[in-house]
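First the structure, in the form of structure tokens, and then the observations on it.
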Amino acid sequence: MTLPFRRRHHDDESAHDRARATWSHAMLEPIDPAETSWLEGHLAGCGECRVEREAFLEDRQLLRSLREQAPEPPRDLWARTAAAIEQESVRRSRGVLSGLPDRFMPRRARLPLGVMAGLLVAIVVVATSLAPRGIPLAPGPGPAGSAVVVASAAPRPTPISVRTATLGWIQPNTDGTYQLNLADVEQVCPDLTAGCAPLKNQQTTLKLTVKPQSIVSSPDNHHLVVVGASGGSDAGSVLVVPVPSGPGPSGAPTTPPTAIPTASPVISPAPSADASPEPTPSAIPGGTPQPTPQGATSIAEGVMVVGETAYSPNGLWLAFSARPLDGSTGPDLYVWKVGDTSAHPVTSDHATFFSGWDGSRILASRVVTARTGTPVASGEPSAAPTLPVESHPVSFLFDPASGLAQDLAEPDVWLPSVDPSGRFSTYWLGTVVPDAAGTGWMPATGRLVLDGWTAPLAPAGSPAPATSAGPGGSSMPVSGPVVATPVGPAGTPIDLVAGPISAFDARFDPTGIRLAVWVADSSDPTVGTLRLVVLDRTHGEIAQDLNPLPSVSALRGFSIDSGRLAWVTPPGQNGKQSVVQVLAWSADTYGQVETQPAGQPFIVR
Amino acid sequence: MSGTWDQDTAAVFVESLFVKHHGEIYAYLVRMLRDPELAADLTQDSFIKAYKAYASLEKDENARAWLYQIAHRVALDHIRHRKIIRMVPLIGDAPGVSGGSSPSAERLAMDLRLSGPLERALAKIPERQRAALLLAEVHDLTGLELAAALGTSHVAARAILTRARESLRRALAAEKDAERATEAERDARYAGQSGGSR
């Protein structure tokens, strides 16, 4: 307290009090520079104050250590709270007892918490088991207090807060356009049937003239790469589409980014069935890309993308494998440098399949020899019926910047995928056979495995002369293997799936400790089962006690990214249309959320 | 304004608040009350009160401080109530009261013995000062948020915080003195036993 008349020593005390208040204030928030100067001056002349201030700072550190000991709230907390809010809502809407003070209201605290929680859990179980699956537990038109209202008041489990990478998916509109949905998954439910965490998404209309086969997002989420399906007028194109910035219909074309060309020739692979090396790609006659609505730009036309399409982790490159639309040859590896006019093939053996990225290098596979040791002609599966059935794959790393390629040391490695940290890998270990369509290869004898990985950095020296044979024995615009240090799987493979299987897709999350594995059904290669494997951080072994997604039915084309795995359910399950389902996690806590049923959603990878 | 807002909007909003903040609100109440079950109970009460008082929230960006303000009041109300209840045995036992959500005096004493010096020191300083310290240093509220949560002015909140720091320093010093005294007593007792056994 400040008194109007004070003796001199009280003035000193006042200065100390002011200093104490000032440094306490400064510990809370930035203070006025003049106050800072005054405080520094005072502390310079007051040793006792300096000691006291240090003690305050030590206490503060001690207090902040409590941040590391955050207590965990009970899991049924939301259930209890939601039920109480619902009760309050009903009370308000009815106007019953509205004139009575709170002390006359029935109190939740009359019941012990344990009994209360048990009752609420029981209500949840009964309500969810009685409610038709897929129908939200919302208040119905029936009389208040009916069973429907009880169901709506049923407490839901406490949502699990998660922080995930943005999830994207598209759905066809009736007018031929597509609706792009972007969602930040912030909460999921321990039990999907509880529906406690509706997926809130932003919707944007995306005008595409091509039916998508797959869609990939750039790492910065600013562009989508739309791979056209084989049917339709614009089939066989690979489009780069700017992501519309705002929600709602967007009819006006947006200006494409300067990095993306709009009117340059598109490169396509040679449509000839000739297996001879094609050192330079040829342009499609008259293949000037036609910008599509919303600033979409074609980077490849007249091709059918085979397998995956993926950006490099740094977002500078896009890679995929593609064959001519007419199926005259097998696929080659294509690379698009962001900003270039078009994608171009970097192999010409017509037998290279893009597999993924290992840092800045592309992983790809090809089929080299048949079991008998006879080379498979051109790698063309169409010629396979006359050749021995099972063939041996070889995989290699290719640096798109330097043009250096290096075969993996391990044979019979097909479509490897390496975790972003470079510690683990997954691949088909075994032979392959031509697929039913005769345009690709599928696993034959062998197994899908989890393994370690070793891949020293590519040499920075000059590449070897291009006279050495590239992958597949065909020429490539890259050097032959010049790196002595072996690269590839390293360790003891652990079986994930035993063969034979028709197709698979296995990829890691950014942490490298979660691996999503999709395996196609034998009867329909577009449908399969998906599971999430969690690895021990230290040893890379499968954590048997963590099985957050044992096996679910999923269409081909899942998306795994930071904090979540998303997939599309096959239509017809439980009488519903397809939905996008998301498994998301925070540390070792997992939960799920799903969209409303809608026709043919596509996950943005 | 009560009753004029859309209940569904309020429910959705409170649900989103719950998802974002229930963990920290619960932690704050545990630290204030040193009773996890009671903290869970009062966290629930806080969100129900937030639902009821939705119309009083002027800006969504202030929701976190507003929520802390509600939780703080709920905690202080409970502490005051608890103090009243503790007086009841002086004039007669109240069946059922002591068996409610309030921890018994014995339990509090046990908690004090079992927890560390910081927790014991915090427990000994006035509730409002304890709240100010926890909100500012553990829950990272800004000066304005702290003022809002404490239901006072910015200047007053800073003054409370300064007094809280002083109180904590004294309480911690007292804890250390007590620890030293206990150790000295134990050493003396041990020395006495050792001397007697010779």
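Labels for the structure tokens follow display order: chains A, B, ..., residues from 1 in each chain, ligands from 1.
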Find the residues of chain A in contact range of chain B, meaning any atom within 7 Å when counting only C-alpha atoms, and list them as a PyMOL selection string.
-> chain A and resi 21+24-25+28-29+56+60+63-64+66-67+70-71+73+81+84-85+89+159+161
Atom CA of Val433 of chain A to atom CA of Val389 of chain A, straight-line distance in Å | 5.8 Å
